[in-house]
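Asker: Structure file input35.txt, compact mmCIF, C-alpha atoms, is pasted below:
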```txt
# COMPACT_ATOMS: atom_id res chain seq x y z
CA MET A 1 -59.70 -68.91 -181.59
CA THR A 2 -57.16 -69.25 -178.77
CA SER A 3 -53.50 -70.08 -179.13
CA ILE A 4 -52.13 -71.78 -176.03
CA PRO A 5 -48.33 -71.51 -175.66
CA LYS A 6 -46.53 -74.80 -176.19
CA ALA A 7 -43.07 -76.25 -175.93
CA ALA A 8 -40.49 -76.21 -178.72
CA LEU A 9 -37.92 -78.94 -179.18
CA TYR A 10 -34.71 -77.89 -180.91
CA TYR A 11 -33.07 -81.01 -182.27
CA TYR A 12 -31.13 -82.62 -185.10
CA PRO A 13 -32.61 -85.77 -186.68
CA ARG A 14 -29.31 -87.71 -186.65
CA SER A 15 -28.28 -86.75 -183.12
CA ILE A 16 -28.51 -89.66 -180.70
CA TRP A 17 -29.35 -87.46 -177.73
CA SER A 18 -32.04 -85.74 -179.78
CA ALA A 19 -33.42 -89.22 -180.37
CA VAL A 20 -33.91 -89.52 -176.59
CA ALA A 21 -36.42 -86.67 -176.72
CA LEU A 22 -38.08 -87.92 -179.91
CA LEU A 23 -38.50 -91.40 -178.45
CA ALA A 24 -39.97 -89.85 -175.29
CA LEU A 25 -42.57 -87.95 -177.31
CA GLU A 26 -43.63 -91.18 -179.02
CA GLU A 27 -43.54 -93.40 -175.94
CA LYS A 28 -45.54 -90.90 -173.88
CA GLY A 29 -48.19 -90.44 -176.56
CA TYR A 30 -47.79 -86.73 -177.20
CA GLY A 31 -49.88 -85.42 -180.08
CA ALA A 32 -48.16 -84.33 -183.28
CA ASP A 33 -49.21 -80.71 -182.70
CA GLU A 34 -48.34 -80.48 -179.00
CA VAL A 35 -44.63 -79.69 -179.39
CA ASP A 36 -43.05 -77.55 -182.09
CA LEU A 37 -40.13 -79.43 -183.66
CA ARG A 38 -37.35 -77.14 -184.86
CA ILE A 39 -34.28 -78.54 -186.56
CA VAL A 40 -30.85 -77.15 -185.68
CA ASP A 41 -28.39 -78.49 -188.24
CA ILE A 42 -25.38 -79.28 -186.06
CA TRP A 43 -23.58 -80.74 -189.11
CA LYS A 44 -23.51 -77.18 -190.48
CA GLY A 45 -22.67 -75.61 -187.13
CA GLU A 46 -26.06 -73.94 -186.67
CA ASN A 47 -25.85 -74.72 -182.96
CA TYR A 48 -23.08 -72.10 -182.70
CA ASP A 49 -25.30 -69.34 -184.04
CA PRO A 50 -25.68 -66.45 -181.54
CA THR A 51 -29.46 -66.82 -181.63
CA PHE A 52 -29.31 -70.45 -180.54
CA LEU A 53 -26.64 -69.73 -177.94
CA ARG A 54 -29.10 -67.42 -176.20
CA LEU A 55 -31.28 -70.49 -175.64
CA ASN A 56 -28.45 -72.87 -174.84
CA PRO A 57 -24.98 -71.42 -174.16
CA LYS A 58 -23.51 -74.94 -174.41
CA ALA A 59 -24.61 -75.20 -178.08
CA THR A 60 -26.03 -78.69 -177.64
CA VAL A 61 -29.13 -80.46 -178.86
CA PRO A 62 -31.70 -81.38 -177.83
CA THR A 63 -32.92 -78.22 -176.17
CA LEU A 64 -36.51 -78.08 -174.96
CA VAL A 65 -38.04 -74.64 -174.45
CA VAL A 66 -41.17 -74.82 -172.32
CA PRO A 67 -43.66 -72.16 -171.19
CA LEU A 68 -43.75 -71.68 -167.44
CA SER A 69 -46.91 -73.15 -165.91
CA ASN A 70 -48.20 -69.85 -164.53
CA THR A 71 -48.11 -68.29 -167.99
CA LEU A 72 -50.02 -71.02 -169.83
CA SER A 73 -52.67 -68.73 -171.20
CA ASP A 74 -53.37 -66.84 -174.39
CA GLU A 75 -54.46 -63.90 -172.24
CA ILE A 76 -51.02 -63.04 -170.84
CA ASP A 77 -47.49 -62.90 -172.18
CA SER A 78 -45.84 -66.27 -171.77
CA ARG A 79 -42.43 -66.77 -170.20
CA TYR A 80 -40.23 -69.71 -171.12
CA LYS A 81 -37.51 -71.88 -169.68
CA ALA A 82 -34.90 -73.78 -171.69
CA ILE A 83 -34.04 -77.33 -170.62
CA THR A 84 -30.67 -78.19 -172.14
CA GLU A 85 -29.80 -81.69 -170.91
CA SER A 86 -31.35 -84.79 -172.50
CA ILE A 87 -31.65 -86.45 -169.07
CA ALA A 88 -33.71 -83.55 -167.74
CA ILE A 89 -35.71 -83.33 -170.97
CA ALA A 90 -36.68 -87.01 -170.77
CA GLU A 91 -37.74 -86.60 -167.13
CA PHE A 92 -39.77 -83.48 -167.96
CA LEU A 93 -41.58 -85.15 -170.87
CA ASP A 94 -42.31 -88.20 -168.73
CA LYS A 95 -43.83 -86.16 -165.90
CA SER A 96 -45.67 -83.64 -168.08
CA ARG A 97 -47.99 -86.18 -169.66
CA SER A 98 -49.44 -88.80 -167.36
CA LEU A 99 -52.74 -90.31 -166.30
CA VAL A 100 -53.02 -87.45 -163.80
CA SER A 101 -51.65 -84.52 -165.82
CA ARG A 102 -52.27 -84.03 -169.54
CA THR A 103 -52.04 -80.26 -169.78
CA HIS A 104 -53.61 -78.97 -173.00
CA THR A 105 -53.20 -82.39 -174.60
CA THR A 106 -54.70 -83.11 -178.02
CA SER A 107 -53.83 -86.79 -177.93
CA SER A 108 -55.92 -89.70 -176.69
CA ALA A 109 -52.95 -92.10 -176.74
CA PRO A 110 -51.91 -93.87 -173.52
CA ALA A 111 -49.48 -92.03 -171.25
CA PRO A 112 -47.44 -94.79 -169.57
CA ALA A 113 -45.17 -93.84 -166.68
CA LEU A 114 -41.55 -94.40 -167.71
CA ALA A 115 -40.00 -93.53 -164.34
CA PRO A 116 -39.20 -96.60 -162.19
CA ALA A 117 -41.77 -97.48 -159.55
CA THR A 118 -39.34 -98.76 -156.89
CA ILE A 119 -36.19 -97.51 -155.20
CA ALA A 120 -34.20 -100.49 -156.47
CA ALA A 121 -35.30 -99.92 -160.06
CA THR A 122 -34.60 -96.19 -159.73
CA ASP A 123 -31.05 -97.00 -158.66
CA ILE A 124 -30.53 -99.26 -161.69
CA ALA A 125 -31.95 -96.65 -164.05
CA ARG A 126 -29.68 -93.99 -162.55
CA VAL A 127 -26.62 -96.23 -163.02
CA VAL A 128 -27.52 -97.08 -166.63
CA ILE A 129 -28.17 -93.46 -167.59
CA GLY A 130 -25.01 -92.35 -165.82
CA LEU A 131 -22.93 -94.90 -167.74
CA LEU A 132 -24.34 -93.81 -171.09
CA HIS A 133 -23.66 -90.13 -170.43
CA SER A 134 -20.18 -90.69 -169.05
CA GLU A 135 -17.10 -89.50 -170.92
CA GLU A 136 -16.09 -93.15 -171.43
CA ALA A 137 -19.28 -93.76 -173.41
CA ASN A 138 -19.00 -90.52 -175.40
CA PRO A 139 -20.69 -91.25 -178.75
CA ASN A 140 -18.80 -88.43 -180.45
CA HIS A 141 -15.50 -90.19 -179.78
CA LEU A 142 -16.95 -93.43 -181.12
CA ARG A 143 -18.19 -91.67 -184.27
CA TYR A 144 -15.78 -88.89 -185.08
CA LYS A 145 -12.62 -90.59 -183.80
CA ASN A 146 -13.56 -93.98 -185.24
CA ALA A 147 -10.06 -94.74 -186.56
CA ARG A 148 -7.60 -97.21 -185.10
CA ASP A 149 -4.99 -97.20 -187.86
CA ASP A 150 -4.12 -95.36 -191.07
CA ALA A 151 -6.51 -97.43 -193.20
CA SER A 152 -9.56 -96.76 -191.02
CA LEU A 153 -8.56 -93.10 -190.79
CA LYS A 154 -8.95 -92.83 -194.59
CA VAL A 155 -12.41 -94.38 -194.38
CA LEU A 156 -13.41 -92.06 -191.55
CA ALA A 157 -12.23 -88.98 -193.46
CA LYS A 158 -14.53 -89.81 -196.37
CA GLU A 159 -17.47 -90.15 -193.99
CA VAL A 160 -17.11 -87.16 -191.65
CA LEU A 161 -14.57 -84.66 -193.03
CA HIS A 162 -17.27 -82.55 -194.70
CA ILE A 163 -19.13 -82.31 -191.38
CA VAL A 164 -16.04 -81.27 -189.44
CA GLN A 165 -15.12 -78.71 -192.11
CA ALA A 166 -18.63 -77.20 -192.06
CA LYS A 167 -18.46 -76.77 -188.29
CA ARG A 168 -15.00 -75.21 -188.59
CA ASP A 169 -16.15 -72.79 -191.28
CA ALA A 170 -19.21 -71.76 -189.26
CA LEU A 171 -17.06 -71.00 -186.21
CA LYS A 172 -14.54 -69.04 -188.26
CA LYS A 173 -17.32 -66.95 -189.78
CA HIS A 174 -18.85 -66.15 -186.39
CA LEU A 175 -15.45 -65.11 -185.03
CA ALA A 176 -14.73 -62.98 -188.08
CA ASP A 177 -18.16 -61.33 -187.88
CA ALA A 178 -17.58 -60.59 -184.20
CA GLU A 179 -14.13 -59.16 -184.91
CA GLY A 180 -15.54 -56.98 -187.70
CA GLU A 181 -18.45 -55.92 -185.47
CA VAL A 182 -20.97 -57.35 -187.91
CA ILE A 183 -22.46 -59.03 -184.86
CA HIS A 184 -22.11 -58.07 -181.20
CA VAL A 185 -21.50 -60.85 -178.68
CA SER A 186 -19.84 -61.09 -175.29
CA GLU A 187 -16.22 -62.01 -174.71
CA LYS A 188 -17.49 -65.23 -173.15
CA VAL A 189 -19.15 -66.24 -176.41
CA LYS A 190 -16.02 -65.36 -178.40
CA LYS A 191 -13.92 -67.49 -176.07
CA PHE A 192 -16.40 -70.35 -176.43
CA TRP A 193 -16.22 -70.15 -180.22
CA GLN A 194 -12.42 -70.02 -180.14
CA GLU A 195 -12.15 -73.09 -177.89
CA ARG A 196 -14.50 -75.07 -180.11
CA LEU A 197 -12.61 -73.92 -183.21
CA GLU A 198 -9.30 -75.15 -181.84
CA SER A 199 -10.73 -78.61 -181.25
CA VAL A 200 -12.51 -78.81 -184.62
CA ASP A 201 -9.49 -77.38 -186.43
CA LEU A 202 -7.27 -80.14 -185.07
CA SER A 203 -9.65 -82.84 -186.27
CA SER A 204 -9.90 -81.13 -189.65
CA ARG A 205 -6.13 -81.14 -190.12
CA VAL A 206 -5.83 -84.82 -189.28
CA LEU A 207 -8.72 -85.85 -191.52
CA GLU A 208 -7.59 -83.64 -194.41
CA ALA A 209 -4.19 -85.36 -194.30
CA ALA A 210 -5.65 -88.86 -194.04
CA GLU A 211 -4.57 -89.83 -197.56
CA LYS A 212 -0.96 -88.84 -196.95
CA PRO A 213 1.49 -91.69 -196.23
CA VAL A 214 3.15 -91.37 -192.83
CA GLU A 215 6.54 -90.64 -194.40
CA GLU A 216 5.11 -87.51 -196.06
CA LEU A 217 3.83 -86.03 -192.81
CA SER A 218 5.72 -83.44 -190.81
CA GLU A 219 6.66 -84.34 -187.26
CA GLU A 220 3.77 -82.23 -185.98
CA GLU A 221 1.33 -83.94 -188.35
CA LYS A 222 2.58 -87.36 -187.28
CA ALA A 223 2.03 -86.47 -183.63
CA GLU A 224 -1.48 -85.14 -184.34
CA ARG A 225 -2.43 -88.24 -186.31
CA GLN A 226 -1.11 -90.58 -183.63
CA SER A 227 -2.95 -88.67 -180.91
CA PHE A 228 -6.17 -88.84 -182.96
CA ILE A 229 -5.81 -92.60 -183.49
CA ASP A 230 -4.97 -93.14 -179.83
CA VAL A 231 -8.29 -91.53 -178.87
CA GLY A 232 -10.11 -93.87 -181.27
CA ARG A 233 -8.35 -96.93 -179.93
CA LYS A 234 -9.10 -95.98 -176.36
CA ALA A 235 -12.75 -95.31 -177.17
CA TRP A 236 -13.30 -98.62 -178.97
CA GLU A 237 -10.85 -101.01 -177.36
CA LYS A 238 -10.79 -99.85 -173.74
CA ASP A 239 -13.72 -97.63 -172.80
CA LEU A 240 -16.50 -99.21 -174.88
CA PRO A 241 -15.91 -102.81 -173.72
CA ILE A 242 -16.02 -101.64 -170.10
CA ILE A 243 -19.29 -99.76 -170.69
CA LEU A 244 -20.92 -102.67 -172.53
CA LEU A 245 -19.94 -105.18 -169.85
CA LYS A 246 -21.23 -102.87 -167.12
CA LEU A 247 -24.50 -102.44 -168.99
CA SER A 248 -24.76 -106.21 -169.34
CA LYS A 249 -24.27 -106.56 -165.61
CA GLU A 250 -26.61 -103.78 -164.49
CA THR A 251 -29.57 -104.34 -166.84
CA THR A 252 -32.23 -106.98 -166.25
CA GLY A 253 -33.36 -107.87 -169.76
CA PRO A 254 -34.87 -107.62 -172.21
CA PHE A 255 -35.17 -103.93 -171.28
CA SER A 256 -33.07 -102.19 -168.66
CA LEU A 257 -35.48 -102.92 -165.81
CA GLY A 258 -37.17 -106.03 -167.13
CA ASP A 259 -40.18 -106.52 -169.39
CA GLN A 260 -41.32 -102.88 -169.38
CA PHE A 261 -39.73 -100.08 -171.40
CA SER A 262 -38.49 -97.41 -168.98
CA ILE A 263 -36.85 -94.01 -168.91
CA ALA A 264 -33.42 -95.70 -168.90
CA ASP A 265 -34.25 -97.26 -172.26
CA LEU A 266 -34.93 -93.83 -173.75
CA HIS A 267 -31.17 -93.27 -173.40
CA LEU A 268 -29.94 -96.81 -174.06
CA ALA A 269 -31.93 -97.22 -177.29
CA PRO A 270 -30.30 -94.43 -179.38
CA TRP A 271 -26.85 -94.91 -177.82
CA PHE A 272 -26.80 -98.64 -178.53
CA THR A 273 -28.29 -98.12 -181.99
CA ARG A 274 -25.40 -95.76 -182.81
CA VAL A 275 -22.86 -98.34 -181.59
CA VAL A 276 -24.54 -101.07 -183.64
CA LYS A 277 -24.50 -98.84 -186.73
CA LEU A 278 -20.79 -98.08 -186.35
CA ALA A 279 -20.03 -101.78 -185.89
CA GLY A 280 -21.67 -102.58 -189.23
CA GLY A 281 -25.10 -103.59 -187.99
CA SER A 282 -28.32 -102.91 -189.86
CA VAL A 283 -32.00 -102.51 -189.15
CA ASP A 284 -32.59 -106.06 -190.42
CA ASP A 285 -30.18 -107.75 -187.99
CA ASP A 286 -31.48 -109.71 -185.03
CA GLY A 287 -29.96 -109.49 -181.57
CA LYS A 288 -27.66 -112.46 -181.99
CA THR A 289 -26.20 -111.06 -185.20
CA VAL A 290 -25.81 -107.57 -183.74
CA VAL A 291 -23.82 -108.85 -180.76
CA GLU A 292 -21.58 -110.97 -182.99
CA LYS A 293 -20.87 -108.02 -185.30
CA LEU A 294 -20.14 -105.79 -182.33
CA GLU A 295 -17.73 -108.26 -180.75
CA LYS A 296 -15.93 -108.75 -184.05
CA TYR A 297 -15.64 -105.02 -184.69
CA VAL A 298 -14.36 -104.19 -181.20
CA GLY A 299 -11.98 -107.15 -181.12
CA ALA A 300 -10.89 -109.84 -178.69
CA VAL A 301 -11.19 -107.49 -175.71
CA LEU A 302 -15.00 -107.83 -175.84
CA ALA A 303 -16.97 -110.98 -175.11
CA LEU A 304 -20.47 -110.32 -173.82
CA PRO A 305 -21.87 -112.99 -171.49
CA ARG A 306 -24.74 -115.06 -172.87
CA ASP A 307 -26.68 -115.04 -169.64
CA PHE A 308 -30.22 -114.01 -170.55
CA SER A 309 -32.83 -116.75 -170.68
CA GLY A 310 -35.49 -114.95 -172.66
CA ASP A 311 -37.03 -116.07 -175.92
CA ALA A 312 -33.77 -115.44 -177.84
CA GLY A 313 -35.65 -114.85 -181.07
CA GLY A 314 -37.50 -118.14 -180.77
CA ARG A 315 -34.30 -120.19 -180.71
CA GLY A 316 -34.69 -121.32 -177.12
CA GLU A 317 -31.08 -120.53 -176.22
CA LYS A 318 -29.44 -118.07 -173.88
CA GLN A 319 -28.24 -114.81 -175.39
CA ALA A 320 -26.48 -111.62 -174.43
CA LYS A 321 -28.75 -109.12 -172.65
CA LEU A 322 -27.94 -106.46 -175.21
CA GLY A 323 -28.96 -108.88 -177.96
CA ALA A 324 -32.27 -109.44 -176.19
CA PHE A 325 -32.61 -105.68 -175.80
CA TRP A 326 -32.11 -105.22 -179.54
CA ASP A 327 -34.77 -107.81 -180.40
CA ALA A 328 -37.27 -106.18 -178.03
CA LEU A 329 -36.37 -102.67 -179.15
CA LYS A 330 -36.98 -103.40 -182.82
CA GLU A 331 -40.60 -104.24 -182.05
CA ARG A 332 -41.41 -100.85 -180.59
CA PRO A 333 -43.30 -98.42 -182.88
CA SER A 334 -41.28 -95.49 -181.48
CA TRP A 335 -37.97 -97.07 -182.54
CA GLN A 336 -39.39 -98.14 -185.89
CA LYS A 337 -40.51 -94.58 -186.57
CA LEU A 338 -37.02 -93.19 -185.96
CA TYR A 339 -34.88 -96.00 -187.36
CA GLY A 340 -37.11 -98.08 -189.63
CA GLN A 341 -35.54 -96.59 -192.76
CA GLY A 342 -31.99 -97.02 -191.52
CA LEU A 343 -29.76 -96.68 -188.48
CA PHE A 344 -27.85 -93.52 -187.62
```
Go through the file and emit its structure as structure tokens.
Answerer:
Amino acid sequence: MTSIPKAALYYYPRSIWSAVALLALEEKGYGADEVDLRIVDIWKGENYDPTFLRLNPKATVPTLVVPLSNTLSDEIDSRYKAITESIAIAEFLDKSRSLVSRTHTTSSAPAPALAPATIAATDIARVVIGLLHSEEANPNHLRYKNARDDASLKVLAKEVLHIVQAKRDALKKHLADAEGEVIHVSEKVKKFWQERLESVDLSSRVLEAAEKPVEELSEEEKAERQSFIDVGRKAWEKDLPIILLKLSKETTGPFSLGDQFSIADLHLAPWFTRVVKLAGGSVDDDGKTVVEKLEKYVGAVLALPRDFSGDAGGRGEKQAKLGAFWDALKERPSWQKLYGQGLF
């Protein structure tokens, strides 16, 4: 019995960029046994482990490790390449299973092309994907700096402090092990760990002091808290409204390029789902409700145009394009598989 080398996807189930790859696998019809799925618990800092850093020095998920085409045989030793960017991973998964090429496939499911068919559509997809992966749209700022005053800082601390502390502890252990020569890593890796630790340590201090009244904070603590809150305000009240309005302008509706789900939607779906979740939305909400909750949560700086003339949930009225996107997205089996039990 032969054993053909296959790809391995390193991911975390609650990572939005990991969801890009998972949605791609579903949308492209890959068989359940065609890609090894390996969880890297980024909430516990497993992405900083030296073993994982050999695959991806940036310590990010998803990471797709694929056998090189000229070594796809059980008769020779296989060589592998790691793809470490979700944009490149989505493109690879789209091209690797098509009507023309279904290398070693075990699935009989359709393999629709997700890449745009025209230059104009390609340009739109490139703009949409670029917006979503810009620093202004950074989902980590929206999630882990989701505090715009002292009250919301307390709420945030209860939600994410344990995650930030686990990452901090993992980094401290790796540095201590390297210092004690329990493990042997390069100076570059040590520097990487130290830089990440400094960032995580700052967030930990602010969140650990979230219950303290301002008057009990030292001057340094006050400055750190204010800086933390300023990042949250900028993310939610300045950057996010700009991104959402640009998306509303660039997309066609109900999906990014029109009626067909495309490669741009692989990125928009998990990103927008995360934003909806943070704004208080749920899997049961329709597009109209989601947009209203989002506008209320962001504040008066956001008012999405109701300029899409689709079905609007059967109400026969115009709605925001992102609301139409939500309604269409909820119908897709791939999205239901990832988010049917709850948003993340």
Asker: State, in Å with one decimal place, the distance from CA of Pro112 in chain A to CA of Glu85 in chain A.
Answerer: 22.0 Å
Asker: Step by step, gather every atom of range 125-137 of chain A that the file lists, find the box along x, y and z that holds them, add 3 Å on each side, and finally give centre and edge lengths in Å to one decimal, as lines of an AutoDock Vina configuration file.
Answerer:
```
center_x = -24.0
center_y = -93.3
center_z = -168.0
size_x = 21.9
size_y = 13.6
size_z = 16.9
```
Asker: Report, in Å to a single decimal, how far apart CA of His133 in chain A and CA of Lys154 in chain A are.
Answerer: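 So the answer is 28.4 Å.
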Asker: Could you tell me how far CA of Tyr10 in chain A lies from CA of Arg38 in chain A, in Å and to one decimal?
Answerer: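 Straight-line distance from CA of Tyr10 in chain A to CA of Arg38 in chain A works out to 4.8 Å.
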Asker: So, counting only C-alpha atoms, which residue among A:His174, A:Lys277, A:Lys95, A:Lys321 is closest to Tyr339 in chain A?
Answerer: A:Lys277
Asker: Find the residues around Ala88 in chain A up to 12 Å (all atoms listed in the file counted), leave out those fewer than 6 positions away in its own chain, and share them as a ChimeraX atom specification.
Answerer: /A:17,20-21,24,62-65,82,94-96,129,263,266-267
Asker: Nearest to Arg126 in chain A among A:Glu250, A:Ile243, A:Leu202, A:Glu27, with distances taken over only C-alpha atoms: which residue is it?
Answerer: A:Glu250
Asker: For Asp327 in chain A, which of A:Gly287, A:Pro116, A:Gly232, A:Gly253 is the closest residue, counting only C-alpha atoms?
Answerer: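 With only C-alpha atoms as the atom set, the closest residue is A:Gly287.
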Asker: Which residue gives the smallest distance to Asp230 in chain A among A:Lys293, A:Asp177, A:Asp150, A:Asp259, with only C-alpha atoms counted?
Answerer: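 Looking at the shortest contact to Asp230 in chain A, the residue is A:Asp150.
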Asker: Just checking: using all atoms listed in the file, which residue out of A:Glu181, A:Gly299, A:Pro333, A:Ser204 ends up closest to Gly29 in chain A?
Answerer: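 Closest to Gly29 in chain A of all the choices is A:Pro333.
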Asker: When distances are computed from only C-alpha atoms, which of A:Ile163, A:His141, A:Ala264, A:Asp169 shows the smallest separation from Asp123 in chain A?
Answerer: A:Ala264
Asker: Neighbouring residues of Lys28 in chain A were defined as those with any atom within 9 Å, considering all atoms listed in the file; residues of the same chain fewer than 4 positions away were excluded. Please report them as number ranges by chain.
Answerer: A: 23-24, 93-94, 97-98, 109-114
